[in-house]
Structure formats: C-alpha cells, structure tokens
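A.B. asks: One structure coming up, written as structure tokens, with questions to follow.
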Amino acid sequence: MAAGGGVRAASSTGTPSWAVRIRGADGEIAGAGILLSPDRVLTCAHVVDRAAAQVTAEFVGAADHSVPAVPARVHAYVPQTLDADGDPSGDVALLRLEHPRPAEEAVRLHRLSAPGREVRMYGFPYDHNGGIWFRATAVGGRGRDGQVQLVPRSPGELASPGCSGAGVADSDTGEVIGMVLSSMRDRHGNLFSFMSPAETIVRHLSEVDRWTVGPTAVDAALRSTADDSSGALLDEPFAQRLTAWLRGHDGRQVKISVVRHDDAARDATLRRTITLADRELRTPGSVDRASLDPPDTVPSAGGHDLAVNAARKTAAEIAERIAARMGLWHHPEQSALDRIRAAKVTVTLVVVGVDEACDPPALLDLLDVVRAGGSRLLLVFRTIGACHDDARHRLVIQPALERRARLVERLREITGPLARALHERRATVVPYGIRPLDADLVAAHAALADLTHSRSDPGHGPDLNRYERLADRAADRITGAIARLDQLRERREELRGRLRSYHVLHQHATQGEEDPAVDALYLRAHELLQRRPCDVPAAEEAVRAYTRRVEQPHPGEEFSS
C-alpha cells in the first residue's frame, strides 16, 4: 500500500491494478484511465464523449487475471480549451462505474515536484492492446495551465493514441503524479508528450482532492486573500521582477528580496504572485482578477514547486517539507538534509521570512545545500540585517564568484589548449565540411577579457549566463571540428599506407622497370599526401588513380590485389 492509501504505481514491472482501458460506445479503444476509488476513474475529456450514454472501463490488471468490463458514465467533465495564445487548458474527466471495483485496486494521486523526474506511463497504443509501459523524463512546464512536458526515453516510447488518460508514475517513488494528456512531433522532428500533474487535475476537478495525497505546495500564510485583489495593493515593478524570476527570464539561480510586514502592497503582491504560480491555487477566479493586470505581472502555473513560510519553523522542519516535495520519504537513519544532499532532484523553492526562522543560520546552511544541488531559490526577508547580508554573501556573491572563476578557467581552456589543438590539426589537413570557427574564438577571447577586467559583484558584472552559453557553443563546435579533423588525419594515414603497399606491389610486378605514366601517378599521390595542409579528398582521388593503374595487368601476366 502507498502512503495515504492505494497501491504504488511502479512497485513492480507488472500490469498495475489501477490501469484502466477505456472503450467507446463503438467498441474501439479510446484511451486509458486511472482507478482513483472503487467507483471513480480519471481520464482525459477527449477520451470520452460527454454526450455518450456510457463507455466501458476494462481492468487489465485485475488480481484474478481476468479483464472485467464495467459500464461507466461521465460524472465530471472539463473539456480542453485554448486561450488567445493557443495554450491548452483542462481536458480532464471523471467517470462513475456502475459496479465498484475492490478498494485495494485503486491508487492515490500524489503531489510531487515534477521537473527532472524519470517517469513511466501505462497505456494502450495500437499493437499493444493489453497495455505497455512507456518511459519519459519530465522536463518542465508548458503554457499557463500547469501542464508538464515529457520527453520520451526513446522515439518508440512516445505516448501515442491509446495512452491519453494513462497514469504517470514517478520511477523512483512509484507514486502516480499525473495523467497523460497528448503527444506531438514538432516541425523539427522532436517528440513530446504532455501530462497534467496532480495539482492541476485537482484545480479542474475539485472532487479529485479526496484521492490526492501529499502536502500542498503553498503554506497557508502565503496564499492570496480576497483583500489582495485590490489594485491599490499591486506593486507592479515588484510583481514584474518576481514574475520574470519565476519564468526563468532573469537568469539568476538565487533571488533575494525584502518585504517588510508594514508594506501592505508589497506583501499582497508577494502572496498574489505565489498563488498565481501554483498549479492548484491558480483558480479561474484568481486568474480572472489578474487578467486586468499587466501580463508581465502574471506568472505561469507551476512557476514554483514549493513556497514555505519559515517564520517560527526550525531548519529540520523546513528540510522535511522540501524532502517530501522532492519525493524523498522519511528515513529513520538519514536526516532530511542528508537525503536532500544525496538526491538528484531540483525544485524551484520560495522561502518567505528566512530571518524569522527559529535558527536562521541553520536555515541558511540548508538553503546552501539545496542551491548547490541545482535548485532555484527565491528568498524573502522581512528586514535588512545580518542574516540578510550573510545570505547574500553565502548564496549569491560567493557562488557567483566561484561560478565566474570556473567560467574563466573554461574560456582559458577554449582559447588556449583547445584552440591550439584546432590550429595544429588545421595545419595538417584541409578542413573540408567544417565551418569556420574564427568568430567563435574571437567571441571567447572577448568574453575572457571582459570577465578578467570588469567588476565582479553580482548584478553589475558581465552576464554569466550568456558567457556560459557562448562557452558551451564554442567548446562544442571546436571539439566537433577537432574530431572531424582527426578523422581526416586518420584517413590520410590510411591512404599513405595504401600508397606504400601498392608501390611495393608495382615494384615487384615490374621488377624495377620504369613506367613513366605509373610513376607520375605515384608522385602525384605522394606529393598530395605530404603537403601541409593535406587536401585529403584530392589525395584520395590521386591514390585511387594510382592503385587502379597498378591493378591493370601487364602484358603476359595476371595481377590481382
């Protein structure tokens, strides 16, 4: 049994008891579903026809290895809609079974942070009517509804027709964390699937909250109130900065803000932004109110994974909250801090009232571990003081200096040893099919000069994100060019060996007699192979001409290579 009731989704490689195959009124497989309770099945709205008298739910993972078929009717239905930008929303439905299934077959949805998770889905695509597992990685949010993009582990594992409505199970914990919505191939050939996570499903179908476990993402004190909707309580510049960070537009891993208790507008703006960025709390009412505000003050659902009110909480309590959201369950011999440190899970974390925690220095130790693991942090202080200054130094300034130093070393590697290796190879072979890289090296030199001569304080120095992308691009292109040049050099050596071998064969066959025509072909190939840089395609053609001539039999003899 899973925490909170139900069975674990991925506790074995077998067919899960909660997996439902749904057939339409025409008898064809329409999609999949998730058994949430003895008489409720969750699926996609597009899988079922709202107007149909009934559909059939088939339980392929029944304990007795039969496949019970149970008539079902649409109980709740939220069709997919598209907003003005084409972003989809909804597409969820709840079915009521005419005859209940055993309670132990049902599963609970679980609230977990989604990005970066390895997941599995059990669906019913063509040629696999009995069901099959698909693997994918949850890579991030899509649109404003809080949907999550899934990238298949292999092209053959794209969730195809018959998988809509399938449960998405976290591979590590075995918990069902969402439902497959659709899949697509873009114009570049990239394959994607999309899921609606538990929180988004609950927002659309509030009844599903009964079968959803795990703490909600936002502490009660940080949720927007009815009074916060007043336009007078919107600090627009602050909302814009928060929204830009939640959308990942400002490039900072750690953002530190100060919101005093006596600043009503800033405090309300903080709660409003946190609420709108949560998948479950982003209700139609809150979105409708925010629709009157500037668009760049409204974050997308799923902008954060967890928002914690640190006031009067211990670092250990907050660590348990973070670990639970990451899916790192309690372990009697391992603290939450150690579990977080060892895990490869990242979250976007909001902590409000850092300086009001029971032990702020201990909380900063925890936050430093979370930051070092790659998570993004929005830290809100109530006052500017020693704790604020310590946090800024430990979590912003010092990591930025270390990051800058690593980037400088990398650029020195690119402009030094890597560039020399490239030039050495280009001096030996003509770089056919390799794009010129002078501009990349010039840009890398310019970035290095900027980093070594400009201010080093965060927020005022060079754009490290831009220079890191530049370094990635330059390193990838140069190493790729070196690999291609090495292939050309290896081919040159193969041609040299082939030319020598055929020259020996020719000398043996002619017993040292001169043949000006053949000798001219040999000298031409030899000269091209010795030239620096060597034109390998031209040399290859010259060697081919020589070997073809050598292979021609001399009068009165047979010759074979």
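How things are named: the first chain in the structure tokens is A, the next is B, and so on; residues count from 1 in each chain; ligands count from 1 in the order shown.
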Mind listing the strand (DSSP E or B) residues of segment 340-447 of chain A, per DSSP on the backbone, as a PDB file with all heavy atoms, in the first residue's frame?

C.D. replies:
ATOM      1  N   THR A 348      12.092  24.519  -7.704  1.00  0.00           N
ATOM      2  CA  THR A 348      12.069  25.976  -7.601  1.00  0.00           C
ATOM      3  C   THR A 348      11.382  26.287  -6.274  1.00  0.00           C
ATOM      4  O   THR A 348      10.190  26.022  -6.103  1.00  0.00           O
ATOM      5  CB  THR A 348      11.311  26.606  -8.781  1.00  0.00           C
ATOM      6  OG1 THR A 348      12.004  26.292  -9.995  1.00  0.00           O
ATOM      7  CG2 THR A 348      11.244  28.115  -8.619  1.00  0.00           C
ATOM      8  N   LEU A 349      12.151  26.806  -5.343  1.00  0.00           N
ATOM      9  CA  LEU A 349      11.724  26.937  -3.949  1.00  0.00           C
ATOM     10  C   LEU A 349      11.578  28.403  -3.563  1.00  0.00           C
ATOM     11  O   LEU A 349      12.461  29.219  -3.833  1.00  0.00           O
ATOM     12  CB  LEU A 349      12.758  26.263  -3.042  1.00  0.00           C
ATOM     13  CG  LEU A 349      12.594  26.404  -1.529  1.00  0.00           C
ATOM     14  CD1 LEU A 349      11.320  25.712  -1.058  1.00  0.00           C
ATOM     15  CD2 LEU A 349      13.812  25.826  -0.809  1.00  0.00           C
ATOM     16  N   VAL A 350      10.457  28.726  -2.916  1.00  0.00           N
ATOM     17  CA  VAL A 350      10.229  30.058  -2.354  1.00  0.00           C
ATOM     18  C   VAL A 350      10.217  29.923  -0.831  1.00  0.00           C
ATOM     19  O   VAL A 350       9.471  29.096  -0.290  1.00  0.00           O
ATOM     20  CB  VAL A 350       8.892  30.653  -2.838  1.00  0.00           C
ATOM     21  CG1 VAL A 350       8.683  32.044  -2.228  1.00  0.00           C
ATOM     22  CG2 VAL A 350       8.846  30.724  -4.356  1.00  0.00           C
ATOM     23  N   VAL A 351      11.039  30.695  -0.148  1.00  0.00           N
ATOM     24  CA  VAL A 351      11.068  30.692   1.316  1.00  0.00           C
ATOM     25  C   VAL A 351      10.859  32.128   1.774  1.00  0.00           C
ATOM     26  O   VAL A 351      11.653  33.021   1.468  1.00  0.00           O
ATOM     27  CB  VAL A 351      12.392  30.139   1.866  1.00  0.00           C
ATOM     28  CG1 VAL A 351      12.347  30.119   3.393  1.00  0.00           C
ATOM     29  CG2 VAL A 351      12.663  28.743   1.324  1.00  0.00           C
ATOM     30  N   VAL A 352       9.783  32.346   2.516  1.00  0.00           N
ATOM     31  CA  VAL A 352       9.432  33.687   2.994  1.00  0.00           C
ATOM     32  C   VAL A 352       9.680  33.772   4.499  1.00  0.00           C
ATOM     33  O   VAL A 352       9.316  32.862   5.246  1.00  0.00           O
ATOM     34  CB  VAL A 352       7.952  34.007   2.692  1.00  0.00           C
ATOM     35  CG1 VAL A 352       7.572  35.383   3.233  1.00  0.00           C
ATOM     36  CG2 VAL A 352       7.693  33.936   1.192  1.00  0.00           C
ATOM     37  N   ARG A 376      16.548  26.287  -7.732  1.00  0.00           N
ATOM     38  CA  ARG A 376      16.415  27.742  -7.771  1.00  0.00           C
ATOM     39  C   ARG A 376      15.710  28.210  -6.502  1.00  0.00           C
ATOM     40  O   ARG A 376      14.777  27.562  -6.031  1.00  0.00           O
ATOM     41  CB  ARG A 376      15.629  28.181  -9.007  1.00  0.00           C
ATOM     42  CG  ARG A 376      16.266  27.750 -10.314  1.00  0.00           C
ATOM     43  CD  ARG A 376      15.423  28.160 -11.512  1.00  0.00           C
ATOM     44  NE  ARG A 376      15.441  29.602 -11.693  1.00  0.00           N
ATOM     45  CZ  ARG A 376      14.362  30.376 -11.768  1.00  0.00           C
ATOM     46  NH1 ARG A 376      13.154  29.848 -11.634  1.00  0.00           N
ATOM     47  NH2 ARG A 376      14.465  31.676 -11.950  1.00  0.00           N
ATOM     48  N   LEU A 377      16.152  29.340  -5.961  1.00  0.00           N
ATOM     49  CA  LEU A 377      15.651  29.818  -4.672  1.00  0.00           C
ATOM     50  C   LEU A 377      15.205  31.268  -4.769  1.00  0.00           C
ATOM     51  O   LEU A 377      15.964  32.128  -5.230  1.00  0.00           O
ATOM     52  CB  LEU A 377      16.739  29.706  -3.597  1.00  0.00           C
ATOM     53  CG  LEU A 377      17.457  28.364  -3.424  1.00  0.00           C
ATOM     54  CD1 LEU A 377      18.523  28.489  -2.349  1.00  0.00           C
ATOM     55  CD2 LEU A 377      16.464  27.285  -3.061  1.00  0.00           C
ATOM     56  N   LEU A 378      13.983  31.529  -4.313  1.00  0.00           N
ATOM     57  CA  LEU A 378      13.515  32.890  -4.084  1.00  0.00           C
ATOM     58  C   LEU A 378      13.398  33.057  -2.580  1.00  0.00           C
ATOM     59  O   LEU A 378      12.557  32.418  -1.938  1.00  0.00           O
ATOM     60  CB  LEU A 378      12.159  33.119  -4.760  1.00  0.00           C
ATOM     61  CG  LEU A 378      11.439  34.427  -4.399  1.00  0.00           C
ATOM     62  CD1 LEU A 378      12.290  35.641  -4.745  1.00  0.00           C
ATOM     63  CD2 LEU A 378      10.087  34.504  -5.098  1.00  0.00           C
ATOM     64  N   LEU A 379      14.254  33.886  -1.994  1.00  0.00           N
ATOM     65  CA  LEU A 379      14.324  34.049  -0.548  1.00  0.00           C
ATOM     66  C   LEU A 379      13.842  35.447  -0.172  1.00  0.00           C
ATOM     67  O   LEU A 379      14.353  36.457  -0.668  1.00  0.00           O
ATOM     68  CB  LEU A 379      15.758  33.840  -0.060  1.00  0.00           C
ATOM     69  CG  LEU A 379      16.416  32.522  -0.515  1.00  0.00           C
ATOM     70  CD1 LEU A 379      17.832  32.427   0.027  1.00  0.00           C
ATOM     71  CD2 LEU A 379      15.581  31.329  -0.094  1.00  0.00           C
ATOM     72  N   VAL A 380      12.868  35.473   0.714  1.00  0.00           N
ATOM     73  CA  VAL A 380      12.274  36.739   1.125  1.00  0.00           C
ATOM     74  C   VAL A 380      12.586  36.990   2.596  1.00  0.00           C
ATOM     75  O   VAL A 380      12.309  36.139   3.453  1.00  0.00           O
ATOM     76  CB  VAL A 380      10.750  36.737   0.904  1.00  0.00           C
ATOM     77  CG1 VAL A 380      10.141  38.051   1.373  1.00  0.00           C
ATOM     78  CG2 VAL A 380      10.428  36.494  -0.568  1.00  0.00           C
ATOM     79  N   PHE A 381      13.165  38.156   2.870  1.00  0.00           N
ATOM     80  CA  PHE A 381      13.486  38.572   4.232  1.00  0.00           C
ATOM     81  C   PHE A 381      12.519  39.678   4.649  1.00  0.00           C
ATOM     82  O   PHE A 381      12.017  40.434   3.821  1.00  0.00           O
ATOM     83  CB  PHE A 381      14.931  39.088   4.303  1.00  0.00           C
ATOM     84  CG  PHE A 381      15.961  38.006   4.136  1.00  0.00           C
ATOM     85  CD1 PHE A 381      16.241  37.479   2.886  1.00  0.00           C
ATOM     86  CD2 PHE A 381      16.634  37.498   5.236  1.00  0.00           C
ATOM     87  CE1 PHE A 381      17.179  36.471   2.724  1.00  0.00           C
ATOM     88  CE2 PHE A 381      17.576  36.490   5.086  1.00  0.00           C
ATOM     89  CZ  PHE A 381      17.851  35.974   3.827  1.00  0.00           C
ATOM     90  N   VAL A 429      45.647  19.094 -42.206  1.00  0.00           N
ATOM     91  CA  VAL A 429      44.665  18.686 -43.220  1.00  0.00           C
ATOM     92  C   VAL A 429      43.736  19.859 -43.521  1.00  0.00           C
ATOM     93  O   VAL A 429      43.449  20.690 -42.652  1.00  0.00           O
ATOM     94  CB  VAL A 429      43.828  17.467 -42.753  1.00  0.00           C
ATOM     95  CG1 VAL A 429      44.681  16.217 -42.687  1.00  0.00           C
ATOM     96  CG2 VAL A 429      43.157  17.733 -41.415  1.00  0.00           C
TER      97      VAL A 429
END

A.B. asks: Pick out the residues sitting within 10 Å of segment 160-166 of chain A, and hand them over as a PyMOL selection string; count only C-alpha atoms, and ignore anything fewer than 5 positions along from it in its own chain.

C.D. replies: chain A and resi 18-23+28-34+41-47+91-93+120-126+128-129+131-134+176+178-184+193-196

A.B. asks: Give me the residues of segment 248-299 of chain A that have any atom at most 9 Å from an atom of segment 141-147 of chain A; for each, the nearest atom pair and the distance in Å, rounded to one decimal. Use only C-alpha atoms, sort by chain and number, and format it as a tab-separated table.

C.D. replies:
residue	atom	partner	partner_atom	distance
A:Ala277	CA	A:Gly146	CA	8.7
A:Asp278	CA	A:Gly146	CA	8.1
A:Arg279	CA	A:Gly146	CA	5.4
A:Glu280	CA	A:Gly146	CA	8.7
A:Arg282	CA	A:Asp145	CA	8.5
A:Pro299	CA	A:Arg144	CA	8.0

A.B. asks: Next, write the just-selected residues to a file, as a compact mmCIF listing (two decimals), in the first residue's frame, keeping C-alpha atoms as the atom set.

C.D. replies:
# COMPACT_ATOMS: atom_id res chain seq x y z
CA ALA A 277 2.36 30.49 -9.77
CA ASP A 278 0.88 27.45 -8.01
CA ARG A 279 -0.87 24.84 -10.15
CA GLU A 280 -3.54 24.04 -7.58
CA ARG A 282 -4.41 29.19 -9.70
CA PRO A 299 3.40 34.10 -13.74

A.B. asks: Excluding Leu95 of chain A and any residue of its chain fewer than 5 positions from it, enumerate the residues within 7 Å of it, using only C-alpha atoms, and give them as a list in words.

C.D. replies: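 So the residues in contact are Arg40, Val41, Leu42, Ala72, Arg73, Val74, His75 and Ala76 of chain A.
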
A.B. asks: Those selected residues, please, written with all heavy atoms and delivered as a PDB file, in the first residue's frame.

C.D. replies:
ATOM      1  N   ARG A  40     -14.692   5.440  -9.164  1.00  0.00           N
ATOM      2  CA  ARG A  40     -14.306   6.623  -9.921  1.00  0.00           C
ATOM      3  C   ARG A  40     -13.046   6.336 -10.744  1.00  0.00           C
ATOM      4  O   ARG A  40     -12.060   5.801 -10.223  1.00  0.00           O
ATOM      5  CB  ARG A  40     -14.027   7.818  -9.007  1.00  0.00           C
ATOM      6  CG  ARG A  40     -15.233   8.341  -8.263  1.00  0.00           C
ATOM      7  CD  ARG A  40     -16.215   9.055  -9.194  1.00  0.00           C
ATOM      8  NE  ARG A  40     -17.191   9.803  -8.425  1.00  0.00           N
ATOM      9  CZ  ARG A  40     -18.261   9.286  -7.850  1.00  0.00           C
ATOM     10  NH1 ARG A  40     -18.491   7.959  -7.955  1.00  0.00           N
ATOM     11  NH2 ARG A  40     -19.103  10.035  -7.161  1.00  0.00           N
ATOM     12  N   VAL A  41     -13.103   6.738 -12.016  1.00  0.00           N
ATOM     13  CA  VAL A  41     -11.970   6.596 -12.936  1.00  0.00           C
ATOM     14  C   VAL A  41     -11.658   7.968 -13.516  1.00  0.00           C
ATOM     15  O   VAL A  41     -12.539   8.654 -14.043  1.00  0.00           O
ATOM     16  CB  VAL A  41     -12.283   5.599 -14.067  1.00  0.00           C
ATOM     17  CG1 VAL A  41     -11.180   5.616 -15.125  1.00  0.00           C
ATOM     18  CG2 VAL A  41     -12.447   4.187 -13.503  1.00  0.00           C
ATOM     19  N   LEU A  42     -10.395   8.364 -13.433  1.00  0.00           N
ATOM     20  CA  LEU A  42      -9.930   9.626 -14.011  1.00  0.00           C
ATOM     21  C   LEU A  42      -9.426   9.371 -15.424  1.00  0.00           C
ATOM     22  O   LEU A  42      -8.717   8.391 -15.675  1.00  0.00           O
ATOM     23  CB  LEU A  42      -8.804  10.196 -13.140  1.00  0.00           C
ATOM     24  CG  LEU A  42      -8.139  11.481 -13.635  1.00  0.00           C
ATOM     25  CD1 LEU A  42      -9.110  12.654 -13.529  1.00  0.00           C
ATOM     26  CD2 LEU A  42      -6.863  11.767 -12.841  1.00  0.00           C
ATOM     27  N   ALA A  72     -19.527   2.538 -17.569  1.00  0.00           N
ATOM     28  CA  ALA A  72     -19.242   3.772 -16.829  1.00  0.00           C
ATOM     29  C   ALA A  72     -19.879   4.949 -17.537  1.00  0.00           C
ATOM     30  O   ALA A  72     -20.060   4.940 -18.767  1.00  0.00           O
ATOM     31  CB  ALA A  72     -17.741   3.979 -16.695  1.00  0.00           C
ATOM     32  N   ARG A  73     -20.205   5.981 -16.760  1.00  0.00           N
ATOM     33  CA  ARG A  73     -20.783   7.199 -17.312  1.00  0.00           C
ATOM     34  C   ARG A  73     -19.933   8.397 -16.889  1.00  0.00           C
ATOM     35  O   ARG A  73     -19.253   8.362 -15.871  1.00  0.00           O
ATOM     36  CB  ARG A  73     -22.222   7.378 -16.816  1.00  0.00           C
ATOM     37  CG  ARG A  73     -23.163   6.275 -17.256  1.00  0.00           C
ATOM     38  CD  ARG A  73     -24.581   6.487 -16.704  1.00  0.00           C
ATOM     39  NE  ARG A  73     -25.443   5.371 -17.065  1.00  0.00           N
ATOM     40  CZ  ARG A  73     -26.101   5.269 -18.210  1.00  0.00           C
ATOM     41  NH1 ARG A  73     -25.982   6.253 -19.111  1.00  0.00           N
ATOM     42  NH2 ARG A  73     -26.877   4.227 -18.469  1.00  0.00           N
ATOM     43  N   VAL A  74     -20.015   9.445 -17.683  1.00  0.00           N
ATOM     44  CA  VAL A  74     -19.267  10.668 -17.365  1.00  0.00           C
ATOM     45  C   VAL A  74     -19.898  11.321 -16.135  1.00  0.00           C
ATOM     46  O   VAL A  74     -21.095  11.629 -16.119  1.00  0.00           O
ATOM     47  CB  VAL A  74     -19.278  11.639 -18.554  1.00  0.00           C
ATOM     48  CG1 VAL A  74     -18.591  12.952 -18.164  1.00  0.00           C
ATOM     49  CG2 VAL A  74     -18.580  11.012 -19.759  1.00  0.00           C
ATOM     50  N   HIS A  75     -19.061  11.532 -15.115  1.00  0.00           N
ATOM     51  CA  HIS A  75     -19.523  12.129 -13.862  1.00  0.00           C
ATOM     52  C   HIS A  75     -19.140  13.609 -13.788  1.00  0.00           C
ATOM     53  O   HIS A  75     -19.906  14.437 -13.296  1.00  0.00           O
ATOM     54  CB  HIS A  75     -18.910  11.366 -12.688  1.00  0.00           C
ATOM     55  CG  HIS A  75     -19.166  11.979 -11.354  1.00  0.00           C
ATOM     56  ND1 HIS A  75     -20.398  11.987 -10.755  1.00  0.00           N
ATOM     57  CD2 HIS A  75     -18.321  12.645 -10.506  1.00  0.00           C
ATOM     58  CE1 HIS A  75     -20.319  12.597  -9.584  1.00  0.00           C
ATOM     59  NE2 HIS A  75     -19.067  13.015  -9.420  1.00  0.00           N
ATOM     60  N   ALA A  76     -17.949  13.947 -14.247  1.00  0.00           N
ATOM     61  CA  ALA A  76     -17.479  15.340 -14.283  1.00  0.00           C
ATOM     62  C   ALA A  76     -16.640  15.504 -15.531  1.00  0.00           C
ATOM     63  O   ALA A  76     -15.937  14.566 -15.939  1.00  0.00           O
ATOM     64  CB  ALA A  76     -16.680  15.677 -13.033  1.00  0.00           C
TER      65      ALA A  76
END

A.B. asks: Any idea what's packed within 9 Å of segment 520-533 of chain A, counting only C-alpha atoms, ignoring anything in its chain fewer than 5 positions away? Could you give it as a short mmCIF file (atom, residue, chain, number, x, y, z; two decimals) with C-alpha atoms, in the first residue's frame?

C.D. replies:
data_model
loop_
_atom_site.label_atom_id
_atom_site.label_comp_id
_atom_site.auth_asym_id
_atom_site.auth_seq_id
_atom_site.Cartn_x
_atom_site.Cartn_y
_atom_site.Cartn_z
CA ARG A 425 45.08 19.90 -36.93
CA ARG A 426 44.08 22.55 -39.45
CA ALA A 427 47.75 22.89 -40.31
CA THR A 428 47.93 19.20 -41.26
CA VAL A 429 44.67 18.69 -43.22
CA VAL A 430 42.33 20.96 -45.16
CA PRO A 431 39.13 21.35 -43.07
CA ARG A 492 45.40 10.47 -44.68
CA GLU A 493 47.46 7.87 -42.80
CA LEU A 495 45.99 6.49 -47.77
CA ARG A 496 49.72 6.73 -47.07
CA LEU A 499 50.05 4.04 -51.44
CA HIS A 503 54.09 0.94 -54.69
CA ASP A 515 56.91 3.18 -66.23
CA ALA A 538 42.21 15.23 -53.62
CA ALA A 539 44.87 12.88 -52.24
CA GLU A 540 42.32 10.07 -52.04
CA GLU A 541 41.42 10.54 -55.70
CA ALA A 542 45.11 10.55 -56.64
CA VAL A 543 45.76 7.33 -54.67
CA ARG A 544 42.70 5.74 -56.30
CA ALA A 545 44.02 6.65 -59.77
CA TYR A 546 47.41 5.11 -58.96
CA THR A 547 46.01 1.90 -57.48
CA ARG A 549 46.59 1.77 -62.83
#

A.B. asks: Find the residues around Asp389 of chain A up to 12 Å (only C-alpha atoms counted), leave out those fewer than 3 positions away in its own chain, and share them as a PyMOL selection string.

C.D. replies: chain A and resi 256-258+354-355+360-361+364+381+383-386+392-398

A.B. asks: Using backbone DSSP assignments, extract all helix (DSSP H, G or I) residues from segment 105-231 of chain A; output them as a ChimeraX atom specification.

C.D. replies: /A:105,155-157,198-204,206-211,220-222,226-229,231

A.B. asks: Find the residues near Gly61 of chain A: any atom within 10 Å, counting only C-alpha atoms, skip ones fewer than 3 places away on the same chain, and give them as a PDB file with N, CA and C atoms, in the first residue's frame.

C.D. replies:
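result_37.pdb written:
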ATOM      1  N   GLY A  14       4.856  -5.413 -13.442  1.00  0.00           N
ATOM      2  CA  GLY A  14       3.611  -5.991 -13.936  1.00  0.00           C
ATOM      3  C   GLY A  14       2.584  -4.939 -14.292  1.00  0.00           C
ATOM      4  N   THR A  15       1.407  -5.424 -14.666  1.00  0.00           N
ATOM      5  CA  THR A  15       0.309  -4.529 -15.011  1.00  0.00           C
ATOM      6  C   THR A  15      -0.293  -3.937 -13.737  1.00  0.00           C
ATOM      7  N   PRO A  16      -0.353  -2.622 -13.606  1.00  0.00           N
ATOM      8  CA  PRO A  16      -0.904  -2.033 -12.379  1.00  0.00           C
ATOM      9  C   PRO A  16      -2.404  -2.257 -12.286  1.00  0.00           C
ATOM     10  N   SER A  17      -2.872  -2.521 -11.074  1.00  0.00           N
ATOM     11  CA  SER A  17      -4.299  -2.798 -10.887  1.00  0.00           C
ATOM     12  C   SER A  17      -5.162  -1.581 -11.154  1.00  0.00           C
ATOM     13  N   TRP A  18      -4.579  -0.383 -11.068  1.00  0.00           N
ATOM     14  CA  TRP A  18      -5.334   0.850 -11.255  1.00  0.00           C
ATOM     15  C   TRP A  18      -5.445   1.267 -12.714  1.00  0.00           C
ATOM     16  N   ALA A  19      -4.696   0.584 -13.589  1.00  0.00           N
ATOM     17  CA  ALA A  19      -4.703   0.959 -15.008  1.00  0.00           C
ATOM     18  C   ALA A  19      -6.007   0.514 -15.663  1.00  0.00           C
ATOM     19  N   VAL A  20      -6.671   1.427 -16.338  1.00  0.00           N
ATOM     20  CA  VAL A  20      -7.978   1.158 -16.945  1.00  0.00           C
ATOM     21  C   VAL A  20      -7.885   1.368 -18.456  1.00  0.00           C
ATOM     22  N   ARG A  21      -8.402   0.399 -19.185  1.00  0.00           N
ATOM     23  CA  ARG A  21      -8.533   0.540 -20.638  1.00  0.00           C
ATOM     24  C   ARG A  21      -9.965   0.971 -20.939  1.00  0.00           C
ATOM     25  N   GLU A  58     -12.271  -1.214 -18.682  1.00  0.00           N
ATOM     26  CA  GLU A  58     -11.758  -2.579 -18.591  1.00  0.00           C
ATOM     27  C   GLU A  58     -10.530  -2.599 -17.692  1.00  0.00           C
ATOM     28  N   ASP A  64      -7.363 -11.552 -10.483  1.00  0.00           N
ATOM     29  CA  ASP A  64      -7.617 -12.921 -10.937  1.00  0.00           C
ATOM     30  C   ASP A  64      -7.226 -13.140 -12.387  1.00  0.00           C
ATOM     31  N   HIS A  65      -6.509 -12.166 -12.988  1.00  0.00           N
ATOM     32  CA  HIS A  65      -6.015 -12.249 -14.359  1.00  0.00           C
ATOM     33  C   HIS A  65      -7.123 -12.245 -15.401  1.00  0.00           C
ATOM     34  N   SER A  66      -8.356 -11.954 -14.981  1.00  0.00           N
ATOM     35  CA  SER A  66      -9.411 -11.730 -15.946  1.00  0.00           C
ATOM     36  C   SER A  66      -9.366 -10.262 -16.347  1.00  0.00           C
ATOM     37  N   VAL A  67     -10.220  -9.864 -17.256  1.00  0.00           N
ATOM     38  CA  VAL A  67     -10.299  -8.460 -17.648  1.00  0.00           C
ATOM     39  C   VAL A  67     -11.758  -8.019 -17.478  1.00  0.00           C
ATOM     40  N   PRO A  68     -12.147  -7.692 -16.245  1.00  0.00           N
ATOM     41  CA  PRO A  68     -13.524  -7.272 -16.014  1.00  0.00           C
ATOM     42  C   PRO A  68     -13.860  -6.011 -16.805  1.00  0.00           C
ATOM     43  N   GLU A 105      -7.528  -2.063  -5.395  1.00  0.00           N
ATOM     44  CA  GLU A 105      -7.041  -1.858  -6.761  1.00  0.00           C
ATOM     45  C   GLU A 105      -6.805  -0.383  -7.067  1.00  0.00           C
ATOM     46  N   GLY A 130      -3.121  -4.884 -24.738  1.00  0.00           N
ATOM     47  CA  GLY A 130      -3.096  -5.314 -23.350  1.00  0.00           C
ATOM     48  C   GLY A 130      -2.395  -4.345 -22.434  1.00  0.00           C
ATOM     49  N   GLY A 131      -1.762  -3.323 -23.016  1.00  0.00           N
ATOM     50  CA  GLY A 131      -1.066  -2.306 -22.223  1.00  0.00           C
ATOM     51  C   GLY A 131       0.441  -2.479 -22.245  1.00  0.00           C
TER      52      GLY A 131
END
